[in-house]
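> Structure supplied as model_33.cif; contents: mmCIF, C-alpha atoms.
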data_entry
#
loop_
_atom_site.label_atom_id
_atom_site.label_comp_id
_atom_site.auth_asym_id
_atom_site.auth_seq_id
_atom_site.Cartn_x
_atom_site.Cartn_y
_atom_site.Cartn_z
CA MET A 1 -32.14 29.90 -87.02
CA HIS A 2 -35.04 30.43 -89.43
CA ASN A 3 -34.30 34.05 -90.07
CA ASN A 4 -35.90 34.13 -93.47
CA PRO A 5 -39.22 35.95 -93.08
CA LEU A 6 -40.90 33.57 -95.46
CA ARG A 7 -40.58 29.95 -94.53
CA ALA A 8 -38.52 28.04 -97.04
CA CYS A 9 -39.98 24.97 -98.71
CA GLU A 10 -37.39 22.72 -97.07
CA ASP A 11 -38.61 23.96 -93.71
CA VAL A 12 -41.98 22.29 -94.38
CA ASP A 13 -40.66 18.74 -94.18
CA ASP A 14 -38.42 19.58 -91.26
CA VAL A 15 -41.15 21.06 -89.09
CA LEU A 16 -43.62 18.30 -89.95
CA ASP A 17 -41.07 15.56 -89.27
CA ARG A 18 -40.18 17.03 -85.91
CA TYR A 19 -43.52 18.26 -84.60
CA ALA A 20 -46.46 16.67 -86.44
CA ASP A 21 -46.86 14.03 -83.73
CA MET A 22 -46.59 16.52 -80.87
CA VAL A 23 -49.03 19.01 -82.41
CA TYR A 24 -51.58 16.32 -83.24
CA LYS A 25 -51.46 14.74 -79.79
CA ILE A 26 -51.90 18.10 -78.05
CA ALA A 27 -54.72 19.00 -80.45
CA PHE A 28 -56.45 15.68 -79.82
CA SER A 29 -56.09 15.98 -76.08
CA HIS A 30 -57.99 19.28 -76.29
CA THR A 31 -60.59 18.47 -78.94
CA LYS A 32 -61.12 14.80 -78.06
CA ASN A 33 -62.02 13.94 -81.64
CA LYS A 34 -60.04 13.30 -84.78
CA SER A 35 -61.94 15.56 -87.10
CA ASP A 36 -61.42 18.65 -84.94
CA ALA A 37 -57.84 17.65 -84.20
CA ASP A 38 -57.25 17.45 -87.97
CA ASP A 39 -58.56 21.03 -88.36
CA VAL A 40 -56.40 22.30 -85.53
CA PHE A 41 -53.38 20.45 -86.92
CA GLN A 42 -53.72 22.03 -90.36
CA ASN A 43 -54.38 25.50 -88.99
CA VAL A 44 -51.35 25.38 -86.71
CA PHE A 45 -48.97 24.48 -89.53
CA LEU A 46 -50.53 26.91 -91.99
CA ARG A 47 -50.14 29.66 -89.39
CA TYR A 48 -46.58 28.56 -88.85
CA ILE A 49 -45.75 28.80 -92.54
CA ARG A 50 -47.30 32.28 -92.72
CA CYS A 51 -45.64 33.42 -89.52
CA LYS A 52 -42.79 35.84 -90.02
CA LYS A 53 -41.34 35.28 -86.58
CA ALA A 54 -37.62 34.54 -86.49
CA PHE A 55 -37.10 31.70 -84.03
CA GLN A 56 -34.04 31.96 -81.86
CA SER A 57 -33.71 28.24 -81.19
CA GLU A 58 -35.40 24.89 -81.69
CA GLU A 59 -36.86 25.26 -78.21
CA HIS A 60 -38.38 28.58 -79.25
CA ARG A 61 -39.95 27.02 -82.34
CA ARG A 62 -41.36 24.13 -80.29
CA ALA A 63 -42.80 26.57 -77.74
CA TYR A 64 -44.46 28.56 -80.54
CA LEU A 65 -46.08 25.39 -81.92
CA ILE A 66 -47.30 24.27 -78.49
CA ARG A 67 -48.90 27.64 -77.79
CA ALA A 68 -50.33 27.89 -81.30
CA THR A 69 -51.89 24.41 -80.93
CA ILE A 70 -53.50 25.26 -77.60
CA ASN A 71 -54.81 28.55 -78.96
CA GLN A 72 -56.10 27.01 -82.17
CA SER A 73 -57.92 24.42 -80.08
CA LYS A 74 -59.50 27.22 -78.05
CA THR A 75 -60.46 29.03 -81.23
CA LEU A 76 -62.13 25.88 -82.47
CA PHE A 77 -64.33 25.85 -79.38
CA LEU A 78 -65.26 29.46 -80.06
CA SER A 79 -66.42 28.32 -83.45
CA ALA A 80 -68.28 25.44 -81.85
CA TRP A 81 -70.37 28.05 -80.03
CA PHE A 82 -71.59 29.20 -83.33
CA ARG A 83 -72.37 25.74 -84.55
CA LYS A 84 -74.32 25.15 -81.35
CA THR A 85 -72.87 21.70 -81.09
CA GLU A 86 -70.86 19.97 -78.47
CA PRO A 87 -67.71 18.25 -79.70
CA ILE A 88 -68.30 14.56 -80.31
CA ARG A 89 -65.82 12.42 -78.48
CA ASP A 90 -64.32 9.74 -80.68
CA GLU A 91 -64.46 6.14 -79.56
CA LEU A 92 -60.84 5.10 -79.78
CA ILE A 93 -59.65 1.57 -80.16
CA PHE A 94 -56.73 0.66 -77.94
CA GLU A 95 -54.56 -2.43 -77.80
CA THR A 96 -55.44 -3.16 -74.19
CA GLU A 97 -58.06 -2.17 -71.67
CA GLU A 98 -55.30 -0.60 -69.60
CA ASP A 99 -54.27 1.67 -72.50
CA ASN A 100 -57.89 2.68 -72.91
CA GLU A 101 -58.36 3.51 -69.24
CA ILE A 102 -55.12 5.41 -68.94
CA TYR A 103 -55.74 7.57 -72.01
CA ASP A 104 -59.37 8.06 -71.07
CA SER A 105 -58.39 9.21 -67.58
CA VAL A 106 -56.10 11.87 -69.10
CA LEU A 107 -58.88 13.06 -71.43
CA ASN A 108 -61.11 13.45 -68.38
CA LEU A 109 -58.72 15.96 -66.83
CA PRO A 110 -59.34 19.71 -67.21
CA PRO A 111 -57.60 21.00 -70.38
CA LYS A 112 -54.70 22.75 -68.67
CA TYR A 113 -53.85 19.56 -66.76
CA ARG A 114 -54.10 17.54 -69.95
CA THR A 115 -51.54 19.83 -71.55
CA VAL A 116 -48.97 19.50 -68.78
CA ILE A 117 -49.43 15.73 -68.59
CA GLN A 118 -49.01 15.50 -72.35
CA LEU A 119 -45.88 17.65 -72.37
CA HIS A 120 -44.31 16.11 -69.29
CA TYR A 121 -45.03 12.44 -69.82
CA TYR A 122 -45.21 12.17 -73.59
CA GLU A 123 -42.84 14.89 -74.78
CA ASP A 124 -40.51 14.33 -71.80
CA MET A 125 -40.34 18.06 -71.16
CA SER A 126 -39.10 19.23 -67.79
CA ILE A 127 -41.15 21.57 -65.61
CA ARG A 128 -38.82 24.41 -66.55
CA GLU A 129 -39.28 23.71 -70.28
CA ILE A 130 -43.05 23.50 -69.96
CA ALA A 131 -43.17 26.74 -67.99
CA LYS A 132 -41.09 28.47 -70.62
CA ALA A 133 -43.14 27.07 -73.49
CA LEU A 134 -46.44 28.08 -71.90
CA ASN A 135 -45.08 31.38 -70.63
CA THR A 136 -46.06 30.45 -67.09
CA LYS A 137 -44.28 30.25 -63.74
CA GLU A 138 -42.56 26.97 -62.87
CA SER A 139 -44.48 26.89 -59.59
CA THR A 140 -47.76 26.99 -61.53
CA ILE A 141 -46.72 24.06 -63.71
CA LYS A 142 -45.55 22.12 -60.64
CA SER A 143 -48.87 22.69 -58.98
CA GLN A 144 -50.84 21.75 -62.12
CA LEU A 145 -48.80 18.59 -62.51
CA HIS A 146 -49.35 17.71 -58.87
CA ARG A 147 -53.11 18.23 -59.12
CA ALA A 148 -53.26 16.35 -62.40
CA ARG A 149 -51.48 13.39 -60.78
CA LEU A 150 -53.87 13.43 -57.83
CA LEU A 151 -56.84 13.37 -60.18
CA LEU A 152 -55.32 10.60 -62.27
CA LYS A 153 -54.62 8.56 -59.16
CA GLU A 154 -58.23 8.98 -58.18
CA TYR A 155 -59.51 8.02 -61.65
CA LEU A 156 -57.24 4.99 -61.82
CA LYS A 157 -57.61 3.99 -58.19
CA GLY A 158 -57.04 0.29 -57.71
CA GLU A 159 -57.39 -0.37 -61.42
CA HIS A 160 -53.78 -0.78 -62.40
CA ASP A 161 -50.40 -1.18 -60.85
CA ILE A 162 -49.01 2.25 -61.74
CA VAL A 163 -45.84 3.71 -60.31
CA TRP A 164 -45.78 7.52 -60.21
CA MET B 165 -44.26 3.90 -64.65
CA PHE B 166 -47.15 6.13 -65.66
CA GLY B 167 -45.06 7.90 -68.34
CA GLU B 168 -44.33 4.67 -70.18
CA LYS B 169 -47.91 3.48 -69.93
CA PHE B 170 -49.21 6.84 -71.16
CA LYS B 171 -46.80 6.82 -74.11
CA LYS B 172 -47.94 3.33 -75.03
CA ALA B 173 -51.60 4.33 -74.77
CA SER B 174 -50.99 7.48 -76.86
CA LYS B 175 -49.53 5.54 -79.78
CA ASN B 176 -52.95 5.27 -81.34
CA ILE B 177 -53.36 9.03 -81.50
CA THR B 178 -51.62 9.80 -84.75
CA VAL B 179 -52.34 12.12 -87.61
CA SER B 180 -53.54 10.30 -90.70
CA GLU B 181 -51.36 10.14 -93.79
CA VAL B 182 -54.09 11.92 -95.75
CA VAL B 183 -54.18 14.91 -93.39
CA LEU B 184 -50.40 15.00 -93.16
CA SER B 185 -50.02 14.98 -96.91
CA GLU B 186 -52.75 17.62 -97.42
CA THR B 187 -51.08 19.82 -94.83
CA ARG B 188 -47.67 19.41 -96.44
CA GLU B 189 -49.12 20.30 -99.84
CA LYS B 190 -50.85 23.40 -98.50
CA MET B 191 -47.75 24.52 -96.67
CA LEU B 192 -45.64 24.13 -99.80
CA ARG B 193 -48.15 26.14 -101.82
CA GLU B 194 -48.19 28.77 -99.13
CA ALA B 195 -44.41 28.96 -99.03
CA THR B 196 -44.16 29.42 -102.77
CA THR B 197 -47.03 31.85 -103.27
CA ALA B 198 -46.96 33.89 -100.07
CA HIS B 199 -44.82 36.67 -101.44
CA LYS B 200 -47.20 37.34 -104.30
CA ARG B 201 -50.44 37.71 -102.49
CA ASN B 202 -52.01 39.64 -99.72
CA TYR B 203 -53.28 37.97 -96.57
CA PHE B 204 -56.77 37.24 -97.72
CA ALA B 205 -55.79 35.93 -101.09
CA ARG B 206 -53.39 33.59 -99.34
CA ILE B 207 -56.19 32.04 -97.37
CA ALA B 208 -58.06 31.43 -100.60
CA VAL B 209 -55.06 29.88 -102.30
CA SER B 210 -54.25 27.62 -99.40
CA PHE B 211 -57.76 26.22 -99.43
CA ALA B 212 -58.10 25.99 -103.19
CA ALA B 213 -58.01 22.21 -103.30
CA ILE B 214 -61.15 21.64 -101.28
CA ALA B 215 -64.71 22.68 -101.74
CA ALA B 216 -65.61 23.62 -98.19
CA ILE B 217 -63.54 23.96 -95.09
CA ALA B 218 -64.47 25.15 -91.64
CA CYS B 219 -61.16 26.73 -90.80
CA ALA B 220 -62.35 28.31 -87.56
CA SER B 221 -59.73 31.01 -87.69
CA MET B 222 -60.22 34.17 -85.78
CA PHE B 223 -58.60 37.46 -86.43
CA GLY B 224 -59.11 41.08 -85.79
CA MET B 225 -59.24 44.11 -88.00
CA GLN B 226 -57.02 47.06 -87.49
CA VAL B 227 -57.62 48.88 -84.26
CA ILE B 228 -58.59 52.41 -85.06
CA SER B 229 -59.48 53.86 -81.71
CA PRO B 230 -57.88 54.96 -78.46
CA PRO B 231 -58.44 52.79 -75.33
CA SER B 232 -62.02 52.23 -74.28
CA GLN B 233 -64.05 54.13 -71.76
CA PRO B 234 -67.16 52.35 -70.47
CA GLN B 235 -70.48 54.02 -71.23
CA THR B 236 -71.75 55.12 -67.84
CA SER B 237 -75.16 56.16 -66.52
CA GLN B 238 -75.66 57.43 -62.98
CA THR B 239 -78.84 58.40 -61.17
CA GLY B 240 -78.56 58.92 -57.42
CA ASN B 241 -76.74 55.87 -56.05
CA ASN B 242 -77.55 53.84 -59.15
CA LEU B 243 -74.66 53.36 -61.50
CA PHE B 244 -74.48 51.36 -64.71
CA SER B 245 -71.76 51.15 -67.27
CA ILE B 246 -71.09 48.85 -70.18
CA SER B 247 -67.86 48.14 -71.97
CA ALA B 248 -67.33 46.26 -75.21
CA TYR B 249 -64.42 44.21 -76.37
CA ALA B 250 -63.20 41.95 -79.13
CA TYR B 251 -60.42 39.46 -79.58
CA GLU B 252 -57.63 39.48 -82.08
CA GLN B 253 -55.14 36.78 -82.76
CA GLN B 254 -51.51 37.76 -82.32
CA GLU B 255 -48.78 36.50 -84.59
CA ASP B 256 -47.77 33.94 -81.99
CA GLY B 257 -51.29 32.53 -81.95
CA GLN B 258 -52.31 34.09 -78.63
CA LEU B 259 -55.73 35.69 -78.39
CA LYS B 260 -55.62 39.21 -77.05
CA GLN B 261 -58.60 41.13 -75.78
CA LYS B 262 -59.13 44.60 -77.22
CA GLU B 263 -61.50 47.03 -75.63
CA ILE B 264 -63.69 49.07 -77.91
CA ASN B 265 -64.31 52.69 -77.28
CA LEU B 266 -68.08 53.08 -77.42
CA THR B 267 -67.79 56.85 -77.14
CA GLN B 268 -65.97 56.89 -80.46
CA GLU B 269 -67.10 55.44 -83.73
CA ASP B 270 -65.10 52.27 -83.64
CA ALA B 271 -65.35 49.50 -86.21
CA TYR B 272 -63.31 46.88 -84.43
CA THR B 273 -64.88 43.43 -83.99
CA SER B 274 -63.78 39.83 -83.70
CA GLU B 275 -64.48 37.72 -86.73
CA TYR B 276 -64.49 34.05 -87.50
CA ILE B 277 -64.20 32.60 -90.94
CA ILE B 278 -66.34 29.50 -90.76
CA ALA B 279 -66.14 28.31 -94.34
CA ILE B 280 -64.39 29.00 -97.60
CA ARG B 281 -65.97 27.60 -100.71
CA GLY B 282 -65.12 28.15 -104.28
CA GLY B 283 -62.66 27.86 -107.04
CA GLU B 284 -65.14 28.71 -109.78
CA ASN B 285 -64.46 31.76 -111.93
CA ASN B 286 -61.47 32.58 -109.75
CA GLU B 287 -63.82 33.56 -106.93
CA TYR B 288 -64.10 32.34 -103.37
CA GLU B 289 -67.08 32.61 -101.11
CA VAL B 290 -66.06 33.32 -97.56
CA THR B 291 -68.63 32.85 -94.81
CA GLN B 292 -67.96 34.56 -91.54
CA ILE B 293 -69.56 35.91 -88.42
CA LYS B 294 -68.81 38.92 -86.25
CA MET B 295 -68.46 38.71 -82.49
CA LEU B 296 -68.41 41.23 -79.68
CA GLY B 297 -68.25 40.81 -75.93
CA PHE B 298 -69.96 43.10 -73.44
CA LYS B 299 -69.28 43.54 -69.75
CA CYS B 300 -71.60 45.27 -67.31
CA HIS B 301 -70.44 47.19 -64.28
CA GLY B 302 -72.23 49.29 -61.70
CA GLU B 303 -73.86 49.84 -58.33
CA ASN B 304 -77.29 48.70 -57.08
CA ILE B 305 -77.91 46.63 -60.18
CA SER B 306 -80.44 43.84 -59.89
CA LYS B 307 -80.34 42.50 -63.44
CA VAL B 308 -79.56 43.47 -67.01
CA ASP B 309 -81.68 42.38 -69.98
CA PHE B 310 -79.97 42.07 -73.34
CA LYS B 311 -81.98 42.02 -76.53
CA ILE B 312 -80.75 41.84 -80.15
CA ASP B 313 -82.17 42.07 -83.64
CA ASN B 314 -79.42 40.08 -85.37
CA GLY B 315 -77.55 36.89 -84.49
CA VAL B 316 -77.36 35.23 -81.10
CA LEU B 317 -76.44 36.15 -77.54
CA LYS B 318 -74.40 33.82 -75.40
CA LEU B 319 -73.28 33.52 -71.84
CA PRO B 320 -69.99 31.77 -71.22
CA ASN B 321 -69.27 29.15 -68.64
CA GLU B 322 -67.04 30.30 -65.85
CA SER B 323 -64.21 28.36 -67.41
CA TRP B 324 -65.08 29.51 -70.91
CA ALA B 325 -61.46 30.06 -71.88
CA GLU B 326 -60.87 26.35 -71.55
CA GLU B 327 -64.06 24.54 -72.41
CA LYS B 328 -66.21 27.10 -74.08
CA LEU B 329 -69.55 25.41 -74.08
CA LEU B 330 -72.47 27.64 -73.49
CA LYS B 331 -74.68 27.85 -70.49
CA ASN B 332 -77.34 29.72 -72.32
CA LEU B 333 -78.11 30.98 -75.76
CA GLU B 334 -80.80 33.29 -77.02
CA SER B 335 -81.44 34.42 -80.56
CA LYS B 336 -82.93 37.61 -81.92
CA GLY B 337 -86.23 38.72 -80.51
CA LYS B 338 -85.63 37.01 -77.19
CA THR B 339 -84.19 38.47 -74.03
CA LEU B 340 -81.12 37.21 -72.24
CA THR B 341 -80.96 38.27 -68.61
CA ILE B 342 -77.84 38.61 -66.51
CA ASP B 343 -78.76 38.32 -62.88
CA PHE B 344 -76.33 40.51 -60.98
CA GLU B 345 -77.55 39.40 -57.59
CA SER B 346 -76.48 35.82 -58.30
CA GLY B 347 -72.91 36.94 -58.91
CA VAL B 348 -71.46 35.67 -62.16
CA PRO B 349 -71.29 35.98 -65.07
CA ASP B 350 -71.10 39.68 -65.81
CA GLU B 351 -70.41 39.33 -69.50
CA VAL B 352 -72.33 38.39 -72.59
CA TYR B 353 -71.28 37.59 -76.13
CA TRP B 354 -72.99 38.63 -79.32
CA GLU B 355 -72.42 36.79 -82.55
CA SER B 356 -73.92 38.03 -85.80
CA ASP B 357 -75.88 35.92 -88.22
CA PRO B 358 -73.45 34.33 -90.67
CA PHE B 359 -72.95 36.15 -93.93
CA SER B 360 -70.98 35.43 -97.06
CA ILE B 361 -68.87 37.63 -99.28
CA LYS B 362 -67.10 36.85 -102.52
CA ILE B 363 -63.37 37.32 -102.79
CA ASP B 364 -61.31 37.62 -105.94
CA ALA B 365 -58.64 34.91 -105.74
CA GLU B 366 -56.19 36.99 -107.72
CA ASP B 367 -55.96 40.09 -105.59
CA GLY B 368 -57.87 39.12 -102.46
CA ARG B 369 -60.37 41.94 -102.79
CA ARG B 370 -64.06 41.66 -102.31
CA ILE B 371 -66.32 41.22 -105.32
CA TYR B 372 -69.67 42.97 -105.21
CA SER B 373 -72.64 41.99 -107.29
CA LYS B 374 -72.05 44.93 -109.60
CA ASN B 375 -68.48 43.76 -110.02
CA THR B 376 -67.10 46.72 -108.12
CA GLN B 377 -64.46 46.17 -105.47
CA THR B 378 -63.27 47.66 -102.25
CA LYS B 379 -59.84 47.70 -100.67
CA ASP B 380 -61.13 46.16 -97.50
CA PRO B 381 -62.64 42.71 -98.06
CA MET B 382 -64.02 42.56 -94.53
CA LEU B 383 -66.20 45.63 -94.86
CA ILE B 384 -69.76 44.41 -95.07
CA PRO B 385 -72.09 47.02 -96.55
CA ASP B 386 -75.39 45.49 -95.66
CA MET B 387 -75.40 44.44 -92.02
CA THR B 388 -76.57 46.31 -88.97
CA ALA B 389 -77.23 44.99 -85.49
CA THR B 390 -78.77 46.59 -82.43
CA ILE B 391 -77.96 45.34 -78.96
CA THR B 392 -80.22 46.81 -76.28
CA ALA B 393 -79.13 46.57 -72.65
CA THR B 394 -81.80 47.42 -70.09
CA VAL B 395 -80.60 47.68 -66.52
CA HIS B 396 -82.99 47.10 -63.59
CA PHE B 397 -81.79 48.69 -60.37
CA LYS B 398 -82.66 47.38 -56.93
CA ASP B 399 -84.89 50.41 -56.27
CA GLY B 400 -87.08 49.47 -59.24
CA SER B 401 -85.82 52.11 -61.65
CA THR B 402 -84.41 51.23 -65.07
CA ALA B 403 -81.98 52.64 -67.61
CA GLU B 404 -81.24 51.61 -71.17
CA LYS B 405 -78.32 51.64 -73.55
CA VAL B 406 -78.65 50.88 -77.24
CA ILE B 407 -75.48 49.76 -78.99
CA VAL B 408 -75.61 49.87 -82.76
CA TYR B 409 -73.20 48.07 -85.05
CA ASP B 410 -73.33 49.46 -88.57
CA SER B 411 -71.03 47.66 -90.97
CA GLU B 412 -71.72 50.09 -93.82
CA LYS B 413 -70.52 53.03 -91.76
CA GLY B 414 -68.00 50.82 -89.98
CA THR B 415 -69.13 51.93 -86.53
CA ILE B 416 -70.04 50.46 -83.16
CA LYS B 417 -71.35 52.96 -80.67
CA VAL B 418 -73.95 53.70 -78.07
CA GLU B 419 -76.72 55.30 -80.04
CA GLU B 420 -78.85 56.52 -77.18
CA VAL B 421 -79.02 56.45 -73.41
CA LYS B 422 -82.43 56.73 -71.80
#
Show how you would write the structure in this file as structure tokens.

Amino acid sequence: MHNNPLRACEDVDDVLDRYADMVYKIAFSHTKNKSDADDVFQNVFLRYIRCKKAFQSEEHRRAYLIRATINQSKTLFLSAWFRKTEPIRDELIFETEEDNEIYDSVLNLPPKYRTVIQLHYYEDMSIREIAKALNTKESTIKSQLHRARLLLKEYLKGEHDIVW
Amino acid sequence: MFGEKFKKASKNITVSEVVLSETREKMLREATTAHKRNYFARIAVSFAAIAAIACASMFGMQVISPPSQPQTSQTGNNLFSISAYAYEQQEDGQLKQKEINLTQEDAYTSEYIIAIRGGENNEYEVTQIKMLGFKCHGENISKVDFKIDNGVLKLPNESWAEEKLLKNLESKGKTLTIDFESGVPDEVYWESDPFSIKIDAEDGRRIYSKNTQTKDPMLIPDMTATITATVHFKDGSTAEKVIVYDSEKGTIKVEEVK
């Protein structure tokens, strides 16, 4: 699929329809504010449209976008060095206090744990798929997921009736 | 189940229609104009609709040197070497570290575009900074003092690759000390003062004040920076390396070793 070196115009709607939500949520989980997530979002898709890579499958394209989003988020922090500012965390409005606490607890995780939680629990990706997308060993992802769950359990201790 | 609760909580995190529509428009422009323009002109075209954007993109220039060899000084049991490196973004978005050969005249640096402004007279003003990393190695080192005459020096957090907020930051004229006896970190980052160049939107080449142009829009003719690393050994002796970045000559090298 997608063998044309220049992305076709029809590809624009397709990639945005499929992956806009995923890219934005990963970007937000790294940047913790909407303005920076917007920048990362645009940069990821502009890089995608300029990219001459021929994707072998839909899974390959998704993996590219996940990695590009993580790397663009990292690049944004490099730029934040220059600006000598710390990212401002947005105050989000949630439907319930439980939603707020659950999302907040994920944002409090280290970035690599946030990514695996996002991919596993929101994108419903298996450990094998996450490992492939992040170019990491399955055992590493398993361990990150395990540690992330332990931290989340600690953060949410006694607060809510959550089944893991 | 946590998964269901997390999905419900995440529903609020959505890209706005405005950003989505801007992105779609830029992607469509890019898709239709990409074949006509070189890389730099494409950046300008894709950002033509807005007056100022911090795009925070990072890319590297062409590597023109063989692999690096650290610059080494040895006196008795005292040993000090310094290596320099930059990052470049691969096509798949990954950042890859490139070592710079300080024994050669190498012009490779990392760069960030921090803003693109313009649209007037078919010109774009691109503001960027240069960045280099330095690592110190050696025996019997107590501390290393870094001093610069341009930009800022920064020390990363241990987990800088994830949450790159700075522990410390010193600007020109001040000294940043790496204490070897405390362990980490052993690296320091230099970022230049920001500078702006004008780019012709038609062909992506740089516009100089005299309306002359060069093939390489990233070549900056008027910036030099000196990074001085003074090593203090445990026996009280010192050694010094002076690294000079000269954008006009396109070189980064150790100018002198005392």
> Report, in Å with one decimal, the straight-line distance from CA of Asn100 in chain A to CA of Lys175 in chain B.
11.2 Å
> Name the closest residue to chain A among the candidates B:Tyr251, B:Phe397, B:Phe244, B:Phe310; distances are taken between atoms, counting only C-alpha atoms.
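Using only C-alpha atoms, chain A sits closest to B:Tyr251.
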> I'd like to see the residues matched by the PyMOL selection byres ((chain A and resi 64) around 9) on this file, and ideally I'd get them as a list in words.
Tyr48, Phe55, Glu59, His60, Arg61, Arg62, Ala63, Leu65, Ile66, Arg67, Ala68, Thr69, Ala133 and Leu134 of chain A; Asp256 and Gly257 of chain B
> Out of B:Ser306, B:Val418, B:Phe170, B:Leu319, which residue has the shortest atom-to-atom distance to Ser247 in chain B when counting all atoms listed in the file?
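Of B:Ser306, B:Val418, B:Phe170, B:Leu319, the one nearest Ser247 in chain B, counting all atoms listed in the file, is B:Val418.
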> Determine, counting only C-alpha atoms, which protein, DNA and RNA residues have an atom within 12 Å of an atom of Phe41 in chain A; residues of the same chain fewer than 4 positions away are not included. Present the result as an NGL selection string.
(:A and (16 or 19-28 or 30-31 or 34-37 or 45-48 or 65-66 or 68-73 or 76)) or (:B and (178-180 or 183-188 or 191 or 219-220))
> To one decimal place in Å, what is the distance between CA of Val408 in chain B and CA of Ile305 in chain B?
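According to the coordinates, CA of Val408 in chain B and CA of Ile305 in chain B are separated by 22.9 Å.
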> Just want the 9 Å neighbourhood of Thr115 in chain A, counted on only C-alpha atoms, with same-chain residues fewer than 3 positions away dropped. Output as a ChimeraX atom specification.
/A:26,29-30,70,110-112,118-120
> Give me, please, the distance in Å between CA of Leu107 in chain A and CA of Thr136 in chain A, quoted to one decimal.
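CA of Thr136 in chain A lies 22.0 Å from CA of Leu107 in chain A.
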> Considering all atoms listed in the file, can you say which of B:Ile312, B:Ala250, B:Lys299, B:Ile407 comes closest to Glu351 in chain B?
B:Lys299
> Nearest residue to Lys417 in chain B out of B:Asn304, B:Ile246, B:Leu266, B:Leu340, using all atoms listed in the file?
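That would be B:Leu266, the residue with the smallest distance to Lys417 in chain B.
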> Between B:Lys338, B:His396, B:Lys262, B:Lys362, which is the closest to Lys307 in chain B once you count all atoms listed in the file?
B:His396
> Specify as a VMD selection string each residue included when the PyMOL selection byres ((chain B and resi 358) around 9) is applied to this file.
chain B and resid 278 291 to 294 315 355 to 357 359 to 360
> So, with all atoms listed in the file as the atoms that count, which of B:Val290, B:Val182, B:Val395, B:Ala173 lies closest to chain A?
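Nearest candidate to chain A out of B:Val290, B:Val182, B:Val395, B:Ala173: B:Ala173.
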